[in-house]
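Heads up, the thing below is written out as structure tokens.
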Number of protein chains: 2
Amino acid sequence: MSIPKAIILLSGGLDSATCMAIAKEKGFECYGLSFNYDQRLSSEIEAAKKICMHQNSKEHRIVSIGIGQFGGSALTDNNIEVPTDPTEGIPITYVPARNTVFLSMALGWAEVLGARDIFIGANSVDYSGYPDCRAEFLESFERTANLGTKAGVSGDHFHIHAPLLNLTKAQIIQEGIRLGVDYGMTISCYSASEEGLACGRCDSCRFRAKGFENAGVPDPTPYQELQSA
Amino acid sequence: MSIPKAIILLSGGLDSATCMAIAKEKGFECYGLSFNYDQRLSSEIEAAKKICMHQNSKEHRIVSIGIGQFGGSALTDNNIEVPTDPTEGIPITYVPARNTVFLSMALGWAEVLGARDIFIGANSVDYSGYPDCRAEFLESFERTANLGTKAGVSGDHFHIHAPLLNLTKAQIIQEGIRLGVDYGMTISCYSASEEGLACGRCDSCRFRAKGFENAGVPDPTPYQELQSA
């Protein structure tokens with residue numbers, strides 16, 4: 001029997017790196033998929049490349065998509081500041097329809113590749129309140145995928161896996177450490193420097209740092225030198 | 001009251017040009033969205049531009065997406081020939097997950113723009129058997145969109161409109177003529193020349209020519225000179 005293929009959405013962050021390690025442990029041959037969407041951080045793409053090499057993924061595709069031109073998010077629009085204080089509700093770092101776009105692209109590649117499994121590191125516990133990181137959304141996307149593809153309508157179904165969905169950041173880190181993930185390679189910061197140094201102040205940095213603390217694991221994140229207030 | 005905005009997916013073909021005219025008649029301010037996905041035909045993008053100008057659309061965005069690199073379709077992979085004979089089942093011109101990708105991108109722009117209506121010229125009558133041109137798929141996408149966006153989860157719902165879904169090609173043409181669509185500007189051919197001349201032999205050309213014939217409307221399509229067999 002041939003090894004089943006899986007596509008792993010890979011942002012270069014802590015969650016997606018763990019997600020790839022989990023897919024690999026489940027016996028999948030891993031194909032990393034990253035997007036270049038005018039996000040501020042080319043260092044994220046570099047991190048994704050390193051993760052793929054380190055985890056022996058079969059292939060890594062980096063696809064450019066022009067969603068940045070739509071704006072509307074602090075992550076894609078340089079006119080909007082990345083906030084450094086916790087906010088109520090869905091924050092300005094939300095990128096409109098991002099996971100819908102990413103999963104759609106993964107679906108297209110999966111169908112051509114003969115992969116029927118797509119892994120996404122979505123998480124609804126220590127997260128920023130994004131609607132496209134919830135189980136209801138992911139289940140609905142899976143149904144849509146199976147209605148809108150040649151493979152899906154032929155009964156050869158696609159499965160969307162979100163193995164981190166209900167884990168805390170600390171649990172994700174413990175799982176990743178067990179599987180040999182090198183978190184020093186990953187970048188989670190919304191405002192990392194070009195060299196990949198984390199700001200230590202944004203939502204994402206805070207969740208990450210707290211995660212290492214709660215997991216009882218030393219934080220390997222390279223931080224920028226903090227300016228004195 | 002301000003005029004509601006709608007995004008119209010615009011391929012440059014007969015169907016999407018009619019779709020834009022229908023959206024306009026329904027009272028929407030139209031925003032055209034076209035994709036450059038390494039498809040063979042840059043003439044399609046030129047046709048989309050002309051249609052937007054002719055129909056006074058408020059804006060026209062052309063977004064590049066790298067789905068061509070996935071291959072798997074005669075429309076995006078130059079190693080696969082566009083067939084000239086009718087085929088059984090879903091043909092090789094099917095582009096994996098194309099409408100899922102296109103609708104996702106439209107959704108992202110719509111959310112930023114404040115549009116809640118997206119028009120797609122999908123048609124399930126005189127069509128080529130694509131799974132992502134069916135009502136079940138479109139309804140499921142709409143549900144997914146409302147679960148995966150900030151606007152959607154706030155109750156400010158998106159609507160996917162497919163006004164051509166149950167029309168024959170002849171009915172689409174009659175509707176377009178009534179609304180003043182200039183079909184001489186549109187390109188439907190899968191193998192059009194760089195100058196935008198249609199081959200007259202692919203599935204899409206055949207459906208189109210038959211449509212004009214059945215509608216009793218002169219066919220304005222500029223055809224390539226047919227080679228003698």
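As shown in the structure tokens, the chain order sets the letters A, B, ...; within each chain, residues go from 1, and ligands are also counted from 1 in the order they appear.
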List as a list in words the protein and nucleic acid residues near segment 30-39 of chain B, meaning an atom at most 7 Å away when only C-alpha atoms are counted, but skip any in the same chain fewer than 2 places from it.
Lys5, Ala6, Ile7, Ile8, Leu9, Leu10, Ser11, Lys24, Phe28, Leu41, Cys52, Ser57, Lys58, Glu59, His60, Arg61, Ile62, Val63, Ser64, Ile65, Gly66, Ile67, Gly68, Leu75 and Thr76 of chain B
Find the residues in chain A near chain B: any atom within 6 Å counts, using only C-alpha atoms. Write them as a list in words.
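Contact residues on the first chain: Val63, Ser64, Ile65, Gly66, Phe70, Gly72, Pro96, Ala97, Thr100, Val101, Ser104, Gly108, Trp109, Val112, Pro131, Asp132, Phe137, Ser140, Phe141, Thr144, Leu147, Gly148 and Thr149 of chain A.
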Neighbours of Glu25 of chain A within 12 Å (only C-alpha atoms; same-chain residues fewer than 2 positions away dropped), as an MDAnalysis selection string?
chainID A and resid 6 18:23 27:30 55 163 175:176 178:181
N, CA and C atoms of the current selection, written as a tab-separated table (two decimals), in the first residue's frame:
```
chain	number	residue	atom	x	y	z
A	6	ALA	N	-0.56	14.05	2.52
A	6	ALA	CA	-1.35	15.10	3.17
A	6	ALA	C	-0.72	16.45	2.88
A	18	THR	N	3.87	22.25	14.50
A	18	THR	CA	3.40	21.12	15.32
A	18	THR	C	2.44	20.25	14.51
A	19	CYS	N	1.60	20.93	13.75
A	19	CYS	CA	0.60	20.27	12.91
A	19	CYS	C	1.29	19.33	11.91
A	20	MET	N	2.38	19.77	11.31
A	20	MET	CA	3.10	18.93	10.36
A	20	MET	C	3.68	17.70	11.07
A	21	ALA	N	4.21	17.91	12.27
A	21	ALA	CA	4.79	16.78	13.01
A	21	ALA	C	3.71	15.76	13.36
A	22	ILE	N	2.51	16.24	13.66
A	22	ILE	CA	1.40	15.33	13.98
A	22	ILE	C	0.98	14.53	12.75
A	23	ALA	N	0.88	15.22	11.60
A	23	ALA	CA	0.50	14.54	10.35
A	23	ALA	C	1.52	13.45	10.02
A	27	GLY	N	1.35	9.01	9.94
A	27	GLY	CA	1.72	8.16	8.80
A	27	GLY	C	1.56	8.80	7.43
A	28	PHE	N	1.33	10.12	7.40
A	28	PHE	CA	1.19	10.78	6.12
A	28	PHE	C	2.54	11.23	5.55
A	29	GLU	N	2.62	11.22	4.22
A	29	GLU	CA	3.74	11.86	3.53
A	29	GLU	C	3.34	13.33	3.42
A	30	CYS	N	4.17	14.22	3.94
A	30	CYS	CA	3.75	15.62	4.09
A	30	CYS	C	4.19	16.53	2.95
A	55	GLN	N	11.65	18.64	8.96
A	55	GLN	CA	10.69	17.55	9.14
A	55	GLN	C	10.63	16.64	7.91
A	163	PRO	N	-5.87	19.19	14.15
A	163	PRO	CA	-5.56	18.43	15.38
A	163	PRO	C	-5.27	19.30	16.60
A	175	GLU	N	3.17	18.57	22.99
A	175	GLU	CA	3.01	17.59	21.90
A	175	GLU	C	4.16	17.75	20.89
A	176	GLY	N	4.46	18.99	20.54
A	176	GLY	CA	5.52	19.25	19.58
A	176	GLY	C	6.89	18.81	20.09
A	178	ARG	N	7.50	16.46	22.22
A	178	ARG	CA	7.48	14.99	22.15
A	178	ARG	C	7.83	14.51	20.74
A	179	LEU	N	7.35	15.26	19.73
A	179	LEU	CA	7.54	14.85	18.33
A	179	LEU	C	8.82	15.43	17.71
A	180	GLY	N	9.60	16.14	18.52
A	180	GLY	CA	10.89	16.62	18.02
A	180	GLY	C	10.85	17.92	17.23
A	181	VAL	N	9.78	18.72	17.39
A	181	VAL	CA	9.72	20.01	16.69
A	181	VAL	C	10.76	20.96	17.29
```
Going by DSSP on the backbone, which residues of segment 5-211 of chain A come out as alpha helix (DSSP H)? List them as a PyMOL selection string.
chain A and resi 14-25+42-54+98-113+135-147+150-153+169-178+203-211
If we count only C-alpha atoms and set the cut-off at 6 Å, which residues sit around segment 202-207 of chain A, ignoring sequence neighbours fewer than 2 positions away in its own chain? Please answer as a PDB file with N, CA and C atoms, in the first residue's frame.
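Saved file result24.pdb follows:
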```
ATOM      1  N   THR A  84      -0.680  46.300  20.400  1.00  0.00           N
ATOM      2  CA  THR A  84       0.169  45.650  21.407  1.00  0.00           C
ATOM      3  C   THR A  84      -0.594  45.418  22.706  1.00  0.00           C
ATOM      4  N   CYS A 189       5.343  35.793  15.756  1.00  0.00           N
ATOM      5  CA  CYS A 189       5.118  37.229  15.981  1.00  0.00           C
ATOM      6  C   CYS A 189       4.464  37.932  14.785  1.00  0.00           C
ATOM      7  N   GLY A 200       7.664  40.399  21.051  1.00  0.00           N
ATOM      8  CA  GLY A 200       7.403  40.102  22.462  1.00  0.00           C
ATOM      9  C   GLY A 200       6.191  40.822  23.038  1.00  0.00           C
ATOM     10  N   ALA A 209       4.549  33.056  24.465  1.00  0.00           N
ATOM     11  CA  ALA A 209       5.418  33.098  25.647  1.00  0.00           C
ATOM     12  C   ALA A 209       4.736  32.427  26.843  1.00  0.00           C
ATOM     13  N   LYS A 210       3.447  32.708  27.007  1.00  0.00           N
ATOM     14  CA  LYS A 210       2.658  32.114  28.087  1.00  0.00           C
ATOM     15  C   LYS A 210       2.611  30.588  27.915  1.00  0.00           C
TER      16      LYS A 210
END
```
Out of segment 55-229 of chain B, which residues get strand (DSSP E or B) from DSSP, as a ChimeraX atom specification?
/B:59-65,117-119,159-161,198,223
Keeping C-alpha atoms, export the residues of the selection given above as a tab-separated table (two decimals), in the first residue's frame.
```
chain	number	residue	atom	x	y	z
B	59	GLU	CA	-13.90	49.15	-10.07
B	60	HIS	CA	-12.13	46.18	-11.64
B	61	ARG	CA	-9.50	44.19	-9.77
B	62	ILE	CA	-7.28	41.63	-11.46
B	63	VAL	CA	-5.72	39.34	-8.89
B	64	SER	CA	-2.87	36.97	-9.64
B	65	ILE	CA	-3.09	33.55	-8.05
B	117	ASP	CA	-23.38	40.15	-2.40
B	118	ILE	CA	-21.23	38.09	-4.73
B	119	PHE	CA	-22.36	37.19	-8.25
B	159	HIS	CA	-25.20	36.07	-0.30
B	160	ILE	CA	-23.91	34.14	-3.29
B	161	HIS	CA	-25.99	34.87	-6.38
B	198	ALA	CA	-12.22	31.73	-30.93
B	223	TYR	CA	-13.55	33.10	-35.06
```
How many Å lie between atom CA of Asn166 of chain A and atom CA of Ala122 of chain A, rounded to one decimal?
9.1 Å
Residue contacts of Val125 of chain A (8 Å, only C-alpha atoms) excluding same-chain residues fewer than 2 positions away, as JSON, numbers by chain
{"A": [123, 127, 165, 166, 167, 168, 169]}
Resulting file, chosen residues, C-alpha atoms, as a PDB file, in the first residue's frame:
```pdb
ATOM      1  CA  ASN A 123      -6.823  26.590  17.300  1.00  0.00           C
ATOM      2  CA  TYR A 127      -6.484  32.135  19.967  1.00  0.00           C
ATOM      3  CA  LEU A 165      -8.287  22.803  17.632  1.00  0.00           C
ATOM      4  CA  ASN A 166      -9.001  22.058  21.267  1.00  0.00           C
ATOM      5  CA  LEU A 167      -5.502  22.126  22.722  1.00  0.00           C
ATOM      6  CA  THR A 168      -4.081  24.919  24.862  1.00  0.00           C
ATOM      7  CA  LYS A 169      -0.863  26.526  23.669  1.00  0.00           C
TER       8      LYS A 169
END
```
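Atom pair atom CA of Gly12 of chain B / atom CA of Gly211 of chain B has a distance of 17.1 Å (rounded to one decimal).
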Would you work out the distance separating atom CA of Pro220 of chain B from atom CA of Glu44 of chain B, expressed in Å to one decimal?
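These two atoms are separated by 16.1 Å.
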